[in-house]
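Undergrad: My structure is in final-v4.pdb, and what it holds is PDB, C-alpha atoms:
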ATOM      1  CA  MET S 191      31.346  16.667 -52.523
ATOM      2  CA  SER S 192      30.462  19.323 -55.069
ATOM      3  CA  LEU S 193      27.270  20.581 -56.697
ATOM      4  CA  ILE S 194      26.871  22.305 -60.045
ATOM      5  CA  ALA S 195      23.773  24.188 -61.192
ATOM      6  CA  GLY S 196      22.757  25.910 -64.401
ATOM      7  CA  SER S 197      20.460  28.892 -64.778
ATOM      8  CA  TYR S 198      18.206  30.609 -67.265
ATOM      9  CA  GLU S 199      20.480  33.664 -67.020
ATOM     10  CA  LYS S 200      23.315  31.620 -68.677
ATOM     11  CA  PHE S 201      25.271  31.357 -65.399
ATOM     12  CA  ILE S 202      26.945  28.200 -64.140
ATOM     13  CA  TRP S 203      27.224  27.788 -60.373
ATOM     14  CA  GLY S 204      29.683  25.512 -58.577
ATOM     15  CA  PHE S 205      29.592  24.730 -54.846
ATOM     16  CA  LYS S 206      31.576  22.534 -52.503
ATOM     17  CA  LEU S 207      29.804  20.874 -49.590
ATOM     18  CA  LYS S 208      31.785  21.190 -46.359
ATOM     19  CA  PRO S 209      30.998  20.358 -42.724
ATOM     20  CA  LEU S 210      30.650  23.221 -40.267
ATOM     21  CA  LYS S 211      32.722  23.093 -37.109
ATOM     22  CA  HIS S 212      29.699  24.253 -35.130
ATOM     23  CA  SER S 213      26.056  24.140 -36.198
ATOM     24  CA  ASP S 214      24.382  27.519 -36.621
ATOM     25  CA  ASP S 215      21.163  28.824 -35.082
ATOM     26  CA  ASP S 216      19.084  27.266 -37.871
ATOM     27  CA  GLY S 217      20.490  23.803 -37.192
ATOM     28  CA  LYS S 218      22.641  23.738 -40.336
ATOM     29  CA  THR S 219      25.676  21.447 -40.007
ATOM     30  CA  LEU S 220      27.012  21.794 -43.575
ATOM     31  CA  SER S 221      27.921  24.734 -45.766
ATOM     32  CA  LEU S 222      27.815  25.256 -49.519
ATOM     33  CA  THR S 223      30.981  27.168 -50.385
ATOM     34  CA  ARG S 224      30.966  28.749 -53.827
ATOM     35  CA  LEU S 225      33.641  27.426 -56.196
ATOM     36  CA  PHE S 226      32.738  29.544 -59.216
ATOM     37  CA  SER S 227      29.926  31.515 -60.795
ATOM     38  CA  TYR S 228      30.024  33.123 -64.224
ATOM     39  CA  PRO S 229      28.069  33.279 -67.526
ATOM     40  CA  SER S 230      29.598  30.267 -69.272
ATOM     41  CA  HIS S 231      27.015  30.059 -72.078
ATOM     42  CA  LEU S 232      25.543  32.487 -74.597
ATOM     43  CA  ALA S 233      22.008  31.157 -74.002
ATOM     44  CA  PRO S 234      20.084  29.618 -71.078
ATOM     45  CA  ILE S 235      21.629  26.453 -69.606
ATOM     46  CA  SER S 236      19.267  23.495 -69.827
ATOM     47  CA  THR S 237      21.299  20.563 -68.492
ATOM     48  CA  VAL S 238      24.313  19.743 -66.301
ATOM     49  CA  ALA S 239      26.153  16.547 -65.376
ATOM     50  CA  ALA S 240      29.024  15.721 -63.036
ATOM     51  CA  ALA S 241      31.261  12.742 -62.231
ATOM     52  CA  GLY S 242      34.466  12.606 -60.213
ATOM     53  CA  PRO S 243      36.467  15.814 -60.734
ATOM     54  CA  VAL S 244      34.709  16.835 -63.950
ATOM     55  CA  ALA S 245      31.401  18.483 -64.818
ATOM     56  CA  ALA S 246      29.649  19.556 -68.006
ATOM     57  CA  SER S 247      26.851  21.916 -68.992
ATOM     58  CA  GLY S 248      24.773  22.310 -72.126
ATOM     59  CA  GLY S 249      22.379  24.976 -73.337
ATOM     60  CA  GLY S 250      20.678  26.879 -76.090
ATOM     61  CA  ASP S 251      23.973  27.958 -77.697
ATOM     62  CA  ASP S 252      24.489  24.408 -79.075
ATOM     63  CA  THR S 253      27.662  23.871 -77.035
ATOM     64  CA  VAL S 254      28.851  21.686 -74.168
ATOM     65  CA  HIS S 255      31.178  23.326 -71.646
ATOM     66  CA  VAL S 256      33.459  21.167 -69.483
ATOM     67  CA  TYR S 257      34.792  22.108 -66.032
ATOM     68  CA  ASP S 258      37.573  20.932 -63.746
ATOM     69  CA  LEU S 259      35.881  20.905 -60.338
ATOM     70  CA  ALA S 260      39.078  20.354 -58.354
ATOM     71  CA  ALA S 261      40.652  23.453 -59.929
ATOM     72  CA  ALA S 262      37.340  25.346 -60.115
ATOM     73  CA  SER S 263      38.087  26.261 -63.719
ATOM     74  CA  SER S 264      36.808  25.813 -67.262
ATOM     75  CA  LEU S 265      38.492  23.193 -69.442
ATOM     76  CA  GLY S 266      36.975  24.161 -72.762
ATOM     77  CA  SER S 267      33.980  23.565 -75.014
ATOM     78  CA  LEU S 268      32.663  20.851 -77.328
ATOM     79  CA  TYR S 269      31.112  22.106 -80.584
ATOM     80  CA  HIS S 270      29.589  18.963 -82.098
ATOM     81  CA  HIS S 271      25.889  19.883 -82.046
ATOM     82  CA  SER S 272      23.903  22.114 -84.380
ATOM     83  CA  ALA S 273      20.928  22.447 -82.010
ATOM     84  CA  SER S 274      20.325  23.208 -78.331
ATOM     85  CA  VAL S 275      21.917  20.684 -75.974
ATOM     86  CA  THR S 276      19.085  19.151 -73.961
ATOM     87  CA  ALA S 277      20.601  16.278 -71.952
ATOM     88  CA  LEU S 278      24.004  15.216 -70.599
ATOM     89  CA  GLU S 279      25.133  12.014 -68.898
ATOM     90  CA  PHE S 280      28.516  10.761 -67.743
ATOM     91  CA  TYR S 281      29.325   7.080 -67.517
ATOM     92  CA  THR S 282      31.728   6.027 -64.762
ATOM     93  CA  PRO S 283      32.624   2.310 -64.383
ATOM     94  CA  PRO S 284      31.899   1.024 -60.852
ATOM     95  CA  GLN S 285      35.580   0.380 -60.105
ATOM     96  CA  LEU S 286      36.726   3.833 -61.232
ATOM     97  CA  SER S 287      36.400   7.350 -59.806
ATOM     98  CA  PHE S 288      36.854   9.089 -63.169
ATOM     99  CA  PRO S 289      34.242   9.013 -65.972
ATOM    100  CA  ARG S 290      34.954   7.017 -69.107
ATOM    101  CA  ASN S 291      32.379   8.604 -71.428
ATOM    102  CA  LEU S 292      30.144  11.621 -71.831
ATOM    103  CA  LEU S 293      26.863  11.473 -73.749
ATOM    104  CA  SER S 294      25.226  14.669 -74.980
ATOM    105  CA  ALA S 295      21.812  14.895 -76.640
ATOM    106  CA  ALA S 296      20.264  17.751 -78.586
ATOM    107  CA  ALA S 297      16.977  19.287 -79.704
ATOM    108  CA  ASP S 298      17.405  17.936 -83.251
ATOM    109  CA  GLY S 299      17.293  14.297 -82.087
ATOM    110  CA  SER S 300      21.037  13.673 -82.225
ATOM    111  CA  LEU S 301      23.198  11.971 -79.603
ATOM    112  CA  SER S 302      26.973  12.479 -79.400
ATOM    113  CA  ILE S 303      29.338  10.105 -77.612
ATOM    114  CA  PHE S 304      32.665  11.361 -76.237
ATOM    115  CA  ASP S 305      35.639   9.717 -74.654
ATOM    116  CA  ALA S 306      36.181  11.505 -71.341
ATOM    117  CA  ASP S 307      39.883  10.739 -70.886
ATOM    118  CA  PRO S 308      40.775  12.931 -72.706
ATOM    119  CA  PHE S 309      37.651  14.548 -74.183
ATOM    120  CA  VAL S 310      37.501  13.289 -77.768
ATOM    121  CA  HIS S 311      34.427  13.045 -79.987
ATOM    122  CA  LEU S 312      33.770   9.421 -80.940
ATOM    123  CA  LYS S 313      30.457   9.404 -82.788
ATOM    124  CA  THR S 314      27.164  11.224 -83.385
ATOM    125  CA  LEU S 315      24.005   9.291 -84.240
ATOM    126  CA  TRP S 316      20.285   9.923 -84.529
ATOM    127  CA  ALA S 317      18.693   8.741 -81.301
ATOM    128  CA  HIS S 318      15.275  10.070 -82.365
ATOM    129  CA  LYS S 319      13.646  11.412 -85.489
ATOM    130  CA  LYS S 320      15.411  14.384 -87.017
ATOM    131  CA  GLY S 321      13.931  17.529 -85.546
ATOM    132  CA  SER S 322      12.483  15.704 -82.507
ATOM    133  CA  GLY S 323      14.464  16.722 -79.474
ATOM    134  CA  VAL S 324      15.893  14.292 -76.947
ATOM    135  CA  ASN S 325      14.486  15.037 -73.486
ATOM    136  CA  SER S 326      16.588  12.701 -71.368
ATOM    137  CA  VAL S 327      19.318  10.063 -71.565
ATOM    138  CA  SER S 328      20.392   7.423 -69.032
ATOM    139  CA  VAL S 329      23.337   5.019 -69.234
ATOM    140  CA  HIS S 330      23.025   1.480 -67.852
ATOM    141  CA  PRO S 331      25.485   0.735 -64.995
ATOM    142  CA  SER S 332      27.245  -1.742 -67.305
ATOM    143  CA  GLY S 333      28.024   1.039 -69.783
ATOM    144  CA  LYS S 334      26.880  -1.156 -72.670
ATOM    145  CA  LEU S 335      23.616   0.636 -73.498
ATOM    146  CA  ALA S 336      21.677   3.829 -72.913
ATOM    147  CA  LEU S 337      17.997   4.765 -72.967
ATOM    148  CA  THR S 338      16.613   7.970 -74.445
ATOM    149  CA  VAL S 339      13.172   9.599 -74.547
ATOM    150  CA  GLY S 340      12.202  12.433 -76.843
ATOM    151  CA  ARG S 341       9.671  14.891 -78.174
ATOM    152  CA  ASP S 342       8.564  12.299 -80.751
ATOM    153  CA  GLU S 343       6.876  10.335 -77.900
ATOM    154  CA  CYS S 344       9.307   7.440 -78.367
ATOM    155  CA  LEU S 345      11.739   5.409 -76.280
ATOM    156  CA  GLY S 346      15.097   4.579 -77.812
ATOM    157  CA  MET S 347      17.823   2.133 -76.811
ATOM    158  CA  ILE S 348      21.399   2.829 -77.895
ATOM    159  CA  ASN S 349      24.071   0.118 -78.168
ATOM    160  CA  LEU S 350      27.078   2.039 -76.839
ATOM    161  CA  LEU S 351      29.560  -0.681 -77.836
ATOM    162  CA  ARG S 352      28.661  -0.260 -81.509
ATOM    163  CA  GLY S 353      27.358   3.288 -81.411
ATOM    164  CA  LYS S 354      24.042   2.373 -83.023
ATOM    165  CA  ARG S 355      20.372   2.610 -82.112
ATOM    166  CA  LYS S 356      19.243  -0.880 -81.205
ATOM    167  CA  PHE S 357      15.571  -0.398 -80.285
ATOM    168  CA  TYR S 358      12.919   2.236 -80.878
ATOM    169  CA  CYS S 359       9.242   2.192 -79.889
ATOM    170  CA  ARG S 360       6.343   4.613 -79.623
ATOM    171  CA  LEU S 361       5.058   5.371 -76.133
ATOM    172  CA  GLY S 362       1.876   7.228 -77.073
ATOM    173  CA  LYS S 363       2.798  10.118 -74.796
ATOM    174  CA  GLU S 364       5.890  12.251 -74.372
ATOM    175  CA  ALA S 365       8.233  11.202 -71.565
ATOM    176  CA  THR S 366      10.421  13.935 -70.109
ATOM    177  CA  VAL S 367      12.786  11.871 -67.931
ATOM    178  CA  VAL S 368      14.247   8.366 -68.133
ATOM    179  CA  LYS S 369      16.489   6.910 -65.400
ATOM    180  CA  PHE S 370      18.018   3.533 -64.650
ATOM    181  CA  ASP S 371      17.994   2.512 -61.001
ATOM    182  CA  SER S 372      21.319   1.967 -59.232
ATOM    183  CA  SER S 373      21.304  -1.781 -59.969
ATOM    184  CA  GLY S 374      20.313  -1.493 -63.632
ATOM    185  CA  ASP S 375      17.489  -4.010 -63.159
ATOM    186  CA  LYS S 376      14.763  -1.393 -63.576
ATOM    187  CA  PHE S 377      14.279   1.978 -65.200
ATOM    188  CA  PHE S 378      11.867   4.857 -64.618
ATOM    189  CA  MET S 379      10.009   7.020 -67.133
ATOM    190  CA  ILE S 380       8.216  10.228 -66.199
ATOM    191  CA  MET S 381       5.180  11.470 -68.114
ATOM    192  CA  GLY S 382       3.552  14.507 -66.514
ATOM    193  CA  GLU S 383       2.347  13.486 -63.049
ATOM    194  CA  LYS S 384       2.995   9.767 -63.610
ATOM    195  CA  ILE S 385       6.138   7.734 -63.025
ATOM    196  CA  GLY S 386       6.401   4.353 -64.721
ATOM    197  CA  VAL S 387       8.612   1.661 -63.164
ATOM    198  CA  HIS S 388       9.773  -0.823 -65.812
ATOM    199  CA  GLU S 389      11.817  -4.015 -65.910
ATOM    200  CA  ALA S 390      15.057  -3.321 -67.761
ATOM    201  CA  GLU S 391      15.133  -6.761 -69.384
ATOM    202  CA  ASP S 392      11.864  -6.495 -71.322
ATOM    203  CA  ALA S 393      10.543  -2.960 -70.501
ATOM    204  CA  ARG S 394       7.509  -4.511 -68.771
ATOM    205  CA  LEU S 395       5.575  -2.000 -66.639
ATOM    206  CA  VAL S 396       5.803  -3.019 -62.976
ATOM    207  CA  TRP S 397       4.219  -0.002 -61.267
ATOM    208  CA  GLU S 398       2.631   3.258 -62.298
ATOM    209  CA  LEU S 399       3.125   5.840 -59.567
ATOM    210  CA  GLU S 400       1.065   9.024 -59.586
ATOM    211  CA  ASN S 401       2.139  12.350 -58.115
ATOM    212  CA  SER S 402      -0.238  15.180 -57.260
ATOM    213  CA  LYS S 403       1.371  17.549 -59.788
ATOM    214  CA  ARG S 404       3.800  17.418 -62.712
ATOM    215  CA  VAL S 405       7.174  15.825 -61.958
ATOM    216  CA  LEU S 406      10.112  17.825 -63.360
ATOM    217  CA  CYS S 407      13.191  15.963 -62.090
ATOM    218  CA  ALA S 408      14.233  12.677 -60.522
ATOM    219  CA  ALA S 409      17.285  10.854 -59.166
ATOM    220  CA  SER S 410      17.807   7.170 -58.385
ATOM    221  CA  GLY S 411      18.787   6.186 -54.855
ATOM    222  CA  GLU S 412      19.896   2.971 -53.225
ATOM    223  CA  GLY S 413      17.549   0.096 -52.406
ATOM    224  CA  GLY S 414      15.116   0.799 -55.228
ATOM    225  CA  LEU S 415      14.291   4.345 -54.128
ATOM    226  CA  LEU S 416      13.520   7.109 -56.600
ATOM    227  CA  PHE S 417      13.559  10.735 -55.477
ATOM    228  CA  SER S 418      11.387  13.150 -57.454
ATOM    229  CA  GLY S 419      10.540  16.831 -57.400
ATOM    230  CA  GLY S 420       8.419  19.193 -59.422
ATOM    231  CA  GLU S 421       5.534  21.595 -59.358
ATOM    232  CA  ASP S 422       4.275  20.394 -55.950
ATOM    233  CA  ARG S 423       7.489  21.839 -54.377
ATOM    234  CA  ASN S 424       7.992  18.585 -52.436
ATOM    235  CA  ILE S 425      10.742  15.983 -52.467
ATOM    236  CA  THR S 426       9.162  12.552 -52.699
ATOM    237  CA  ALA S 427      10.938   9.245 -52.131
ATOM    238  CA  TRP S 428       9.203   6.429 -54.032
ATOM    239  CA  ASP S 429       9.670   2.763 -53.140
ATOM    240  CA  SER S 430       9.855   1.084 -56.550
ATOM    241  CA  LYS S 431       9.676  -2.382 -54.972
ATOM    242  CA  ALA S 432       6.396  -1.752 -53.156
ATOM    243  CA  GLY S 433       4.959   0.767 -55.634
ATOM    244  CA  LYS S 434       4.204   3.472 -53.089
ATOM    245  CA  VAL S 435       5.567   6.585 -51.390
ATOM    246  CA  ALA S 436       8.284   5.752 -48.852
ATOM    247  CA  TYR S 437       8.403   9.268 -47.375
ATOM    248  CA  ARG S 438       8.153  12.889 -48.426
ATOM    249  CA  ILE S 439       9.588  16.287 -47.520
ATOM    250  CA  ASP S 440       6.588  18.594 -47.849
ATOM    251  CA  ASP S 441       7.190  22.167 -49.011
ATOM    252  CA  ALA S 442      10.904  21.549 -49.433
ATOM    253  CA  HIS S 443      11.029  24.752 -51.493
ATOM    254  CA  SER S 444       8.871  27.828 -52.012
ATOM    255  CA  PHE S 445       8.890  27.325 -55.790
ATOM    256  CA  ARG S 446       8.936  24.303 -58.084
ATOM    257  CA  VAL S 447      11.840  21.879 -57.751
ATOM    258  CA  LYS S 448      14.007  21.806 -60.893
ATOM    259  CA  GLY S 449      16.808  19.454 -59.859
ATOM    260  CA  ILE S 450      17.546  16.611 -57.426
ATOM    261  CA  VAL S 451      20.846  14.879 -56.657
ATOM    262  CA  VAL S 452      21.392  11.837 -54.434
ATOM    263  CA  LEU S 453      24.768  12.391 -52.804
ATOM    264  CA  SER S 454      25.193   9.026 -51.070
ATOM    265  CA  ARG S 455      26.938   7.022 -53.794
ATOM    266  CA  ASN S 456      29.469   9.749 -54.606
ATOM    267  CA  THR S 457      30.122  11.063 -51.118
ATOM    268  CA  ASP S 458      33.802  11.402 -50.220
ATOM    269  CA  SER S 459      34.190   9.812 -46.800
ATOM    270  CA  THR S 460      36.934  12.294 -45.886
ATOM    271  CA  GLU S 461      34.437  15.140 -46.094
ATOM    272  CA  THR S 462      30.845  14.150 -45.370
ATOM    273  CA  ASP S 463      30.458  10.461 -44.626
ATOM    274  CA  ASP S 464      26.672  10.497 -44.600
ATOM    275  CA  PRO S 465      24.852   8.152 -47.001
ATOM    276  CA  TYR S 466      21.496   9.911 -46.582
ATOM    277  CA  LEU S 467      22.137  13.275 -48.197
ATOM    278  CA  VAL S 468      19.945  14.602 -51.006
ATOM    279  CA  ALA S 469      20.351  18.012 -52.657
ATOM    280  CA  SER S 470      17.596  19.931 -54.412
ATOM    281  CA  ALA S 471      17.342  23.150 -56.425
ATOM    282  CA  SER S 472      14.312  25.319 -57.102
ATOM    283  CA  SER S 473      13.409  27.815 -59.794
ATOM    284  CA  ASP S 474      13.857  30.757 -57.394
ATOM    285  CA  GLY S 475      17.582  30.021 -57.124
ATOM    286  CA  VAL S 476      17.734  28.193 -53.793
ATOM    287  CA  ILE S 477      19.835  25.031 -53.354
ATOM    288  CA  ARG S 478      19.297  22.920 -50.234
ATOM    289  CA  VAL S 479      20.884  19.779 -48.816
ATOM    290  CA  TRP S 480      18.776  17.401 -46.730
ATOM    291  CA  ASP S 481      19.232  14.428 -44.439
ATOM    292  CA  VAL S 482      16.329  12.356 -45.720
ATOM    293  CA  ARG S 483      16.287  10.165 -42.600
ATOM    294  CA  MET S 484      14.642  13.057 -40.780
ATOM    295  CA  ALA S 485      11.724  13.002 -43.227
ATOM    296  CA  MET S 486      10.623   9.671 -41.763
ATOM    297  CA  LYS S 487      10.125  11.250 -38.326
ATOM    298  CA  GLU S 488       9.244  14.903 -38.790
ATOM    299  CA  LYS S 489       9.581  17.768 -41.233
ATOM    300  CA  PRO S 490      13.343  18.242 -41.544
ATOM    301  CA  LEU S 491      15.334  21.432 -41.782
ATOM    302  CA  PRO S 492      17.968  21.686 -44.518
ATOM    303  CA  LEU S 493      21.532  20.890 -43.457
ATOM    304  CA  ALA S 494      22.900  23.498 -45.880
ATOM    305  CA  GLU S 495      21.467  26.200 -48.123
ATOM    306  CA  ALA S 496      22.675  28.604 -50.796
ATOM    307  CA  ASN S 497      20.722  31.263 -52.664
ATOM    308  CA  THR S 498      21.997  31.995 -56.164
ATOM    309  CA  LYS S 499      19.240  34.578 -56.778
ATOM    310  CA  SER S 500      18.866  33.243 -60.315
ATOM    311  CA  ARG S 501      16.341  31.065 -62.113
ATOM    312  CA  LEU S 502      17.919  27.647 -61.772
ATOM    313  CA  THR S 503      17.071  25.045 -64.412
ATOM    314  CA  CYS S 504      19.161  21.980 -63.450
ATOM    315  CA  LEU S 505      21.407  20.452 -60.780
ATOM    316  CA  ALA S 506      24.141  17.786 -60.662
ATOM    317  CA  GLY S 507      26.565  16.531 -58.032
ATOM    318  CA  SER S 508      29.867  14.699 -57.737
ATOM    319  CA  SER S 509      32.665  13.766 -55.352
ATOM    320  CA  LEU S 510      36.180  15.147 -55.713
ATOM    321  CA  LYS S 511      38.017  12.001 -54.593
ATOM    322  CA  SER S 512      39.648  11.231 -57.952
ATOM    323  CA  LEU S 513      43.300  12.219 -58.210
ATOM    324  CA  LYS S 514      43.196  12.181 -62.010
ATOM    325  CA  ARG S 515      42.737  15.561 -63.660
ATOM    326  CA  PRO S 516      40.434  16.010 -66.678
ATOM    327  CA  ARG S 517      42.090  17.121 -69.909
ATOM    328  CA  PHE S 518      41.262  18.232 -73.426
ATOM    329  CA  VAL S 519      43.013  17.521 -76.686
ATOM    330  CA  SER S 520      43.469  20.014 -79.501
ATOM    331  CA  GLU S 521      41.462  19.751 -82.721
ATOM    332  CA  ALA S 522      44.600  18.595 -84.571
ATOM    333  CA  GLU S 523      45.191  15.820 -82.033
ATOM    334  CA  GLU S 524      41.540  14.785 -82.239
ATOM    335  CA  ASP S 525      41.657  14.617 -86.055
ATOM    336  CA  LEU S 526      44.849  12.508 -85.847
ATOM    337  CA  ALA S 527      43.246  10.138 -83.330
ATOM    338  CA  MET S 528      40.203   9.680 -85.578
ATOM    339  CA  GLU S 529      42.426   8.936 -88.591
ATOM    340  CA  GLU S 530      44.411   6.317 -86.641
ATOM    341  CA  SER S 531      41.238   4.635 -85.440
TER     342      SER S 531
END
The structure in this file should be written as structure tokens.

TA:
Amino acid sequence: MSLIAGSYEKFIWGFKLKPLKHSDDDGKTLSLTRLFSYPSHLAPISTVAAAGPVAASGGGDDTVHVYDLAAASSLGSLYHHSASVTALEFYTPPQLSFPRNLLSAAADGSLSIFDADPFVHLKTLWAHKKGSGVNSVSVHPSGKLALTVGRDECLGMINLLRGKRKFYCRLGKEATVVKFDSSGDKFFMIMGEKIGVHEAEDARLVWELENSKRVLCAASGEGGLLFSGGEDRNITAWDSKAGKVAYRIDDAHSFRVKGIVVLSRNTDSTETDDPYLVASASSDGVIRVWDVRMAMKEKPLPLAEANTKSRLTCLAGSSLKSLKRPRFVSEAEEDLAMEES
């Protein structure tokens, strides 16, 4: 299992989660071993994504950088945006361990679709109004469509099979995060302190959950759970079926939580076979890994912790179980592929 984090100081951080042979005095049973750390962008990093052995980051320099996690190295960059990259999302089919596509969204309202094997640009379209940035993108588990929310206070639906925007509606308020649940039957939208739970079939509002302070990040878990973090410095597990809080880790960090990753679905059983792990990152540079089962009984202690001493902005996680290695193609090969298609 690996974690990747981006920072305001333009640094990308990669860590591998490993079990400790003996727990330390603080009760930690896992360690976060650094894979790499260097200034990969020319401007602050705003978004990261990871799937299988590959990860990507985007920032204010209008570029997407791609990394080989197994080799702990950079693969190259994608220069298909003319505005800050604001959101990234990999799509991995359920039967595969290697991503099929990468979606990248930008501050000008554009959305680019890439083939991830190898990395080839397929299409760029306008997901939102020109000049209205895309805040978040989420791909349905089927890989057939994606949802986007943007600065124009609208929700968009993208047909990924045709590469066209299929649906577009005004929300009346800006949503900062959109996420499908693990089944694809529901999706979540975050607006300030409120989290809307919607039916995926018709976008009907099922529940409106309210947090004490602004929610900044979220990750879907199994069984209809949604994990959120934000300005309250807590990690909250919401039960989307019952419309209430399932449990909470109070004061999980000393500063606001900027990223959350559910590690259960991607955990490599040869390393850490625990389906209850959640990782979180805060704006003071601390990354922690939790066993959320402990939150149901008492205030848990983190199983692992790393301090980057930087202002972290985002967090993503992935397993390393895929034997396939990510690869790039040259610009000449990409132009030839586009001509043949």

Undergrad: Which residues match the PyMOL selection byres ((chain S and resi 199) around 12) in the file above, as a ChimeraX atom specification?

TA: /S:195-198,200-203,227-236,249-250,473,475,498-503

Undergrad: One decimal, in Å: what's the spacing between CA of Val275 (chain S) and CA of Lys313 (chain S)?

TA: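 Atom-to-atom, CA of Val275 (chain S) to CA of Lys313 (chain S), that is 15.7 Å.
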
Undergrad: For this file, the PyMOL selection byres ((chain S and resi 294) around 9) selects which residues, as a VMD selection string?

TA: chain S and resid 248 254 271 275 to 280 292 to 293 295 to 296 300 to 304 327

Undergrad: Using all atoms listed in the file, which residue out of S:His318, S:Leu361, S:Asn291, S:Gly323 lies closest to Ser272 (chain S)?

TA: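 Of S:His318, S:Leu361, S:Asn291, S:Gly323, the one nearest Ser272 (chain S), counting all atoms listed in the file, is S:Gly323.
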
Undergrad: Around all listed atoms of region 195-200 of chain S, padded 4 Å per side, what centre and edge lengths does the axis-aligned box have in Å to one decimal, as AutoDock Vina command-line options?

TA:
--center_x 21.0 --center_y 28.9 --center_z -64.9 --size_x 13.6 --size_y 17.5 --size_z 15.5

Undergrad: Please evaluate the PyMOL selection byres ((chain S and resi 440-448) around 8) against the structure above and give the resulting residues as JSON, numbers by chain.

TA: {"S": [406, 407, 419, 420, 421, 422, 423, 424, 425, 438, 439, 449, 450, 470, 471, 472, 473, 474, 476, 489, 502, 503, 504, 505]}

Undergrad: List as a PyMOL selection string the protein and nucleic acid residues near Gly204 (chain S), meaning an atom at most 12 Å away when all atoms listed in the file are counted, but skip any in the same chain fewer than 6 places from it.

TA: chain S and resi 191-197+222-230+238-240+244-247+257-264+477+496+498+505-508

Undergrad: Export C-alpha atoms of the chosen residues as a PDB file, keeping the file's coordinate frame?

TA:
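Listing of result_35.pdb after writing:
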ATOM      1  CA  MET S 191      31.346  16.667 -52.523  1.00  0.00           C
ATOM      2  CA  SER S 192      30.462  19.323 -55.069  1.00  0.00           C
ATOM      3  CA  LEU S 193      27.270  20.581 -56.697  1.00  0.00           C
ATOM      4  CA  ILE S 194      26.871  22.305 -60.045  1.00  0.00           C
ATOM      5  CA  ALA S 195      23.773  24.188 -61.192  1.00  0.00           C
ATOM      6  CA  GLY S 196      22.757  25.910 -64.401  1.00  0.00           C
ATOM      7  CA  SER S 197      20.460  28.892 -64.778  1.00  0.00           C
ATOM      8  CA  LEU S 222      27.815  25.256 -49.519  1.00  0.00           C
ATOM      9  CA  THR S 223      30.981  27.168 -50.385  1.00  0.00           C
ATOM     10  CA  ARG S 224      30.966  28.749 -53.827  1.00  0.00           C
ATOM     11  CA  LEU S 225      33.641  27.426 -56.196  1.00  0.00           C
ATOM     12  CA  PHE S 226      32.738  29.544 -59.216  1.00  0.00           C
ATOM     13  CA  SER S 227      29.926  31.515 -60.795  1.00  0.00           C
ATOM     14  CA  TYR S 228      30.024  33.123 -64.224  1.00  0.00           C
ATOM     15  CA  PRO S 229      28.069  33.279 -67.526  1.00  0.00           C
ATOM     16  CA  SER S 230      29.598  30.267 -69.272  1.00  0.00           C
ATOM     17  CA  VAL S 238      24.313  19.743 -66.301  1.00  0.00           C
ATOM     18  CA  ALA S 239      26.153  16.547 -65.376  1.00  0.00           C
ATOM     19  CA  ALA S 240      29.024  15.721 -63.036  1.00  0.00           C
ATOM     20  CA  VAL S 244      34.709  16.835 -63.950  1.00  0.00           C
ATOM     21  CA  ALA S 245      31.401  18.483 -64.818  1.00  0.00           C
ATOM     22  CA  ALA S 246      29.649  19.556 -68.006  1.00  0.00           C
ATOM     23  CA  SER S 247      26.851  21.916 -68.992  1.00  0.00           C
ATOM     24  CA  TYR S 257      34.792  22.108 -66.032  1.00  0.00           C
ATOM     25  CA  ASP S 258      37.573  20.932 -63.746  1.00  0.00           C
ATOM     26  CA  LEU S 259      35.881  20.905 -60.338  1.00  0.00           C
ATOM     27  CA  ALA S 260      39.078  20.354 -58.354  1.00  0.00           C
ATOM     28  CA  ALA S 261      40.652  23.453 -59.929  1.00  0.00           C
ATOM     29  CA  ALA S 262      37.340  25.346 -60.115  1.00  0.00           C
ATOM     30  CA  SER S 263      38.087  26.261 -63.719  1.00  0.00           C
ATOM     31  CA  SER S 264      36.808  25.813 -67.262  1.00  0.00           C
ATOM     32  CA  ILE S 477      19.835  25.031 -53.354  1.00  0.00           C
ATOM     33  CA  ALA S 496      22.675  28.604 -50.796  1.00  0.00           C
ATOM     34  CA  THR S 498      21.997  31.995 -56.164  1.00  0.00           C
ATOM     35  CA  LEU S 505      21.407  20.452 -60.780  1.00  0.00           C
ATOM     36  CA  ALA S 506      24.141  17.786 -60.662  1.00  0.00           C
ATOM     37  CA  GLY S 507      26.565  16.531 -58.032  1.00  0.00           C
ATOM     38  CA  SER S 508      29.867  14.699 -57.737  1.00  0.00           C
TER      39      SER S 508
END

Undergrad: Report, in Å with one decimal, the straight-line distance from CA of Leu351 (chain S) to CA of Ser430 (chain S).

TA: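 Answer for the CA of Leu351 (chain S) to CA of Ser430 (chain S) separation: 29.1 Å.
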
Undergrad: Here's a test: counting all atoms listed in the file, identify every protein, DNA and RNA residue with an atom at most 12 Å from (25.0, 2.9, -63.2) in the file's coordinate frame, and state them as a PyMOL selection string.

TA: chain S and resi 241+279-286+289+328-336+369-377+409-412+455-456

Undergrad: Closest to Gly340 (chain S) among S:Glu389, S:Asp298, S:Pro308, S:Lys356, using only C-alpha atoms?

TA: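 Nearest to Gly340 (chain S): S:Asp298.
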